[in-house]
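One file, run.tsv, is given below (TSV, N, CA and C atoms and all ligand atoms).
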chain	number	residue	atom	x	y	z
G	26	MET	N	133.88	33.87	-21.00
G	26	MET	CA	134.96	34.82	-20.83
G	26	MET	C	134.40	36.23	-20.90
G	27	PHE	N	134.84	37.06	-19.95
G	27	PHE	CA	134.40	38.45	-19.99
G	27	PHE	C	135.15	39.20	-21.10
G	28	VAL	N	134.40	39.96	-21.86
G	28	VAL	CA	134.99	40.82	-22.89
G	28	VAL	C	135.01	42.26	-22.38
G	29	CYS	N	133.92	42.69	-21.82
G	29	CYS	CA	133.81	44.05	-21.30
G	29	CYS	C	133.71	44.01	-19.79
G	30	LEU	N	134.81	44.34	-19.14
G	30	LEU	CA	134.84	44.29	-17.68
G	30	LEU	C	134.03	45.43	-17.07
G	31	CYS	N	134.02	46.58	-17.71
G	31	CYS	CA	133.29	47.72	-17.15
G	31	CYS	C	131.80	47.43	-17.02
G	32	ASN	N	131.27	46.67	-17.98
G	32	ASN	CA	129.83	46.40	-17.98
G	32	ASN	C	129.50	44.94	-17.69
G	33	GLY	N	130.53	44.12	-17.44
G	33	GLY	CA	130.30	42.71	-17.12
G	33	GLY	C	129.69	41.93	-18.26
G	34	ILE	N	130.11	42.22	-19.50
G	34	ILE	CA	129.54	41.56	-20.69
G	34	ILE	C	130.47	40.44	-21.14
G	35	THR	N	129.88	39.27	-21.37
G	35	THR	CA	130.66	38.11	-21.76
G	35	THR	C	130.62	37.88	-23.28
G	36	GLU	N	131.56	37.03	-23.72
G	36	GLU	CA	131.59	36.63	-25.12
G	36	GLU	C	130.26	35.98	-25.52
G	37	SER	N	129.70	35.17	-24.65
G	37	SER	CA	128.42	34.50	-24.94
G	37	SER	C	127.31	35.51	-25.16
G	38	GLN	N	127.30	36.56	-24.37
G	38	GLN	CA	126.27	37.59	-24.54
G	38	GLN	C	126.43	38.30	-25.88
G	39	ILE	N	127.66	38.51	-26.30
G	39	ILE	CA	127.90	39.17	-27.59
G	39	ILE	C	127.47	38.24	-28.72
G	40	ARG	N	127.80	36.95	-28.60
G	40	ARG	CA	127.37	36.00	-29.63
G	40	ARG	C	125.85	35.91	-29.70
G	41	ALA	N	125.20	35.94	-28.54
G	41	ALA	CA	123.73	35.90	-28.51
G	41	ALA	C	123.16	37.15	-29.19
G	42	ALA	N	123.77	38.30	-28.93
G	42	ALA	CA	123.31	39.53	-29.58
G	42	ALA	C	123.50	39.45	-31.08
G	43	ALA	N	124.64	38.88	-31.50
G	43	ALA	CA	124.91	38.74	-32.94
G	43	ALA	C	123.86	37.85	-33.60
G	44	SER	N	123.40	36.84	-32.88
G	44	SER	CA	122.41	35.93	-33.45
G	44	SER	C	121.05	36.59	-33.61
G	45	THR	N	120.85	37.74	-32.97
G	45	THR	CA	119.58	38.46	-33.11
G	45	THR	C	119.67	39.55	-34.18
G	46	GLY	N	120.82	39.63	-34.86
G	46	GLY	CA	120.94	40.60	-35.94
G	46	GLY	C	121.88	41.76	-35.67
G	47	ILE	N	122.43	41.82	-34.47
G	47	ILE	CA	123.41	42.88	-34.18
G	47	ILE	C	124.62	42.64	-35.08
G	48	SER	N	125.01	43.64	-35.85
G	48	SER	CA	126.09	43.40	-36.81
G	48	SER	C	127.18	44.46	-36.80
G	49	THR	N	127.05	45.45	-35.96
G	49	THR	CA	128.10	46.47	-35.86
G	49	THR	C	128.44	46.71	-34.39
G	50	LEU	N	129.63	47.23	-34.18
G	50	LEU	CA	130.03	47.56	-32.81
G	50	LEU	C	129.11	48.63	-32.22
G	51	GLU	N	128.67	49.54	-33.06
G	51	GLU	CA	127.79	50.60	-32.58
G	51	GLU	C	126.47	50.02	-32.07
G	52	GLU	N	125.93	49.07	-32.83
G	52	GLU	CA	124.67	48.42	-32.40
G	52	GLU	C	124.89	47.65	-31.10
G	53	LEU	N	126.06	47.01	-31.02
G	53	LEU	CA	126.39	46.25	-29.82
G	53	LEU	C	126.51	47.17	-28.61
G	54	THR	N	127.10	48.32	-28.82
G	54	THR	CA	127.21	49.31	-27.75
G	54	THR	C	125.82	49.78	-27.31
G	55	ASP	N	124.95	50.03	-28.26
G	55	ASP	CA	123.59	50.46	-27.93
G	55	ASP	C	122.84	49.37	-27.17
G	56	ARG	N	123.03	48.11	-27.58
G	56	ARG	CA	122.27	47.00	-26.99
G	56	ARG	C	122.80	46.60	-25.61
G	57	LEU	N	124.13	46.43	-25.52
G	57	LEU	CA	124.70	45.87	-24.29
G	57	LEU	C	125.57	46.84	-23.49
G	58	GLY	N	125.94	47.94	-24.10
G	58	GLY	CA	126.81	48.88	-23.41
G	58	GLY	C	128.29	48.60	-23.59
G	59	VAL	N	128.60	47.60	-24.43
G	59	VAL	CA	130.01	47.26	-24.68
G	59	VAL	C	130.74	48.48	-25.24
G	60	ALA	N	131.94	48.73	-24.73
G	60	ALA	CA	132.79	49.83	-25.19
G	60	ALA	C	132.21	51.22	-24.92
G	61	SER	N	131.31	51.30	-23.97
G	61	SER	CA	130.68	52.59	-23.68
G	61	SER	C	131.37	53.35	-22.54
G	62	GLN	N	132.35	52.69	-21.90
G	62	GLN	CA	133.02	53.39	-20.80
G	62	GLN	C	134.50	53.61	-21.13
G	63	CYS	N	135.37	52.69	-20.76
G	63	CYS	CA	136.80	52.92	-21.02
G	63	CYS	C	137.17	52.63	-22.49
G	64	GLY	N	136.39	51.78	-23.15
G	64	GLY	CA	136.62	51.47	-24.56
G	64	GLY	C	137.67	50.42	-24.84
G	65	GLN	N	138.30	49.90	-23.82
G	65	GLN	CA	139.37	48.91	-24.01
G	65	GLN	C	138.87	47.62	-24.64
G	66	CYS	N	137.59	47.35	-24.56
G	66	CYS	CA	137.03	46.09	-25.05
G	66	CYS	C	136.59	46.16	-26.50
G	67	GLY	N	136.64	47.31	-27.12
G	67	GLY	CA	136.09	47.47	-28.46
G	67	GLY	C	136.66	46.51	-29.48
G	68	ALA	N	137.99	46.37	-29.52
G	68	ALA	CA	138.61	45.49	-30.51
G	68	ALA	C	138.22	44.03	-30.28
G	69	MET	N	138.20	43.62	-29.02
G	69	MET	CA	137.82	42.24	-28.71
G	69	MET	C	136.36	41.99	-29.06
G	70	ALA	N	135.50	42.93	-28.71
G	70	ALA	CA	134.08	42.78	-29.03
G	70	ALA	C	133.87	42.69	-30.53
G	71	GLN	N	134.60	43.49	-31.28
G	71	GLN	CA	134.50	43.45	-32.74
G	71	GLN	C	134.98	42.11	-33.26
G	72	ALA	N	136.05	41.57	-32.68
G	72	ALA	CA	136.56	40.26	-33.10
G	72	ALA	C	135.53	39.17	-32.84
G	73	VAL	N	134.83	39.25	-31.72
G	73	VAL	CA	133.78	38.26	-31.43
G	73	VAL	C	132.67	38.38	-32.46
G	74	LEU	N	132.30	39.60	-32.81
G	74	LEU	CA	131.28	39.78	-33.86
G	74	LEU	C	131.76	39.16	-35.17
G	75	GLU	N	133.01	39.40	-35.52
G	75	GLU	CA	133.55	38.84	-36.76
G	75	GLU	C	133.52	37.32	-36.73
G	76	GLU	N	133.93	36.73	-35.61
G	76	GLU	CA	133.91	35.28	-35.48
G	76	GLU	C	132.50	34.74	-35.59
G	77	SER	N	131.53	35.53	-35.18
G	77	SER	CA	130.13	35.11	-35.24
G	77	SER	C	129.57	35.26	-36.65
G	78	GLY	N	130.38	35.85	-37.53
G	78	GLY	CA	129.93	36.03	-38.91
G	78	GLY	C	128.91	37.13	-39.05
G	79	ALA	N	128.79	37.95	-38.02
G	79	ALA	CA	127.73	38.94	-38.02
G	79	ALA	C	128.19	40.33	-38.41
G	80	LEU	N	129.50	40.55	-38.44
G	80	LEU	CA	129.98	41.90	-38.67
G	80	LEU	C	129.68	42.34	-40.10
G	81	ALA	N	128.97	43.41	-40.22
G	81	ALA	CA	128.60	43.92	-41.53
G	81	ALA	C	129.79	44.64	-42.18
G	82	VAL	N	129.92	44.47	-43.48
G	82	VAL	CA	130.92	45.21	-44.23
G	82	VAL	C	130.34	46.59	-44.49
G	83	PRO	N	131.04	47.66	-44.08
G	83	PRO	CA	130.52	48.99	-44.34
G	83	PRO	C	130.20	49.16	-45.82
G	84	GLU	N	129.05	49.80	-46.10
G	84	GLU	CA	128.57	49.90	-47.46
G	84	GLU	C	129.60	50.52	-48.40
G	85	ASP	N	130.31	51.56	-47.95
G	85	ASP	CA	131.28	52.22	-48.83
G	85	ASP	C	132.42	51.27	-49.19
G	86	ARG	N	132.81	50.41	-48.26
G	86	ARG	CA	133.87	49.44	-48.57
G	86	ARG	C	133.37	48.38	-49.53
G	87	PHE	N	132.12	47.94	-49.35
G	87	PHE	CA	131.57	46.91	-50.22
G	87	PHE	C	131.53	47.43	-51.67
G	88	TYR	N	130.96	48.60	-51.85
G	88	TYR	CA	130.85	49.11	-53.21
G	88	TYR	C	132.20	49.48	-53.80
G	89	ALA	N	133.14	49.90	-52.96
G	89	ALA	CA	134.48	50.19	-53.45
G	89	ALA	C	135.13	48.92	-53.99
G	90	ALA	N	134.79	47.77	-53.37
G	90	ALA	CA	135.39	46.50	-53.78
G	90	ALA	C	134.78	45.97	-55.06
G	91	VAL	N	133.53	46.25	-55.34
G	91	VAL	CA	132.86	45.67	-56.51
G	91	VAL	C	132.66	46.67	-57.65
G	92	ARG	N	132.84	47.96	-57.38
G	92	ARG	CA	132.62	48.98	-58.39
G	92	ARG	C	133.75	48.97	-59.41
G	93	PRO	N	133.44	48.88	-60.71
G	93	PRO	CA	134.51	48.89	-61.71
G	93	PRO	C	135.18	50.27	-61.77
G	94	GLY	N	136.49	50.25	-62.00
G	94	GLY	CA	137.32	51.42	-62.22
G	94	GLY	C	136.94	52.55	-61.42
F	101	LIG	S1	136.00	47.16	-20.70
F	101	LIG	FE1	134.30	47.63	-21.94
F	101	LIG	S2	133.98	49.75	-21.65
F	101	LIG	FE2	135.63	49.25	-20.33

Would you kindly transcribe this structure into structure tokens?
Amino acid sequence: MFVCLCNGITESQIRAAASTGISTLEELTDRLGVASQCGQCGAMAQAVLEESGALAVPEDRFYAAVRPG
């Protein structure tokens, strides 16, 4: 299934990128060009990253969740 029509990027290509360590939408944009034109695919691309288990939790959110008081 195509996720990014502007760049012709498929869900499989995003999953393959995730398996190589890509863990943020920004990295995915740098690697494949996803969300670099109209941007309509950003949310879907991020969802595919999340499903792949590759999406990194932003450091500030992680520490906010575990930091006492
Ligand atoms: S659909 Fe991905 S940038 Fe337009």

For ligand LIG 101 (chain F), return the neighbouring residues as a ChimeraX atom specification (distance at most 6.5 Å; only N, CA and C atoms and all ligand atoms).
/G:28-32,58-67

Around all the atoms of range 33-46 of chain G listed in the file, with 8 Å of room on each side, what axis-aligned box do you get, giving centre and edge lengths in Å to one decimal, as AutoDock Vina command-line options?
--center_x 125.6 --center_y 39.3 --center_z -26.5 --size_x 28.0 --size_y 25.6 --size_z 34.8

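Among the candidate residues G:Gly46, G:Arg40, G:Gly33, G:Thr54, the one lying nearest to Val73 in chain G is G:Arg40, with distances computed using all atoms listed in the file.
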
List as an MDAnalysis selection string the protein and nucleic acid residues near Ser37 in chain G, meaning an atom at most 8 Å away when only N, CA and C atoms are counted, but skip any in the same chain fewer than 3 places from it.
chainID G and resid 26:28 34 40:43

So what do you get for CA of Glu75 in chain G versus CA of Thr35 in chain G, distance-wise?
15.3 Å

Do you have the CA of Leu50 in chain G-atom N of Met69 in chain G distance handy?
9.8 Å

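Our summary of the geometry notes that CA of Gln38 in chain G is positioned 8.4 Å from CA of Leu57 in chain G.
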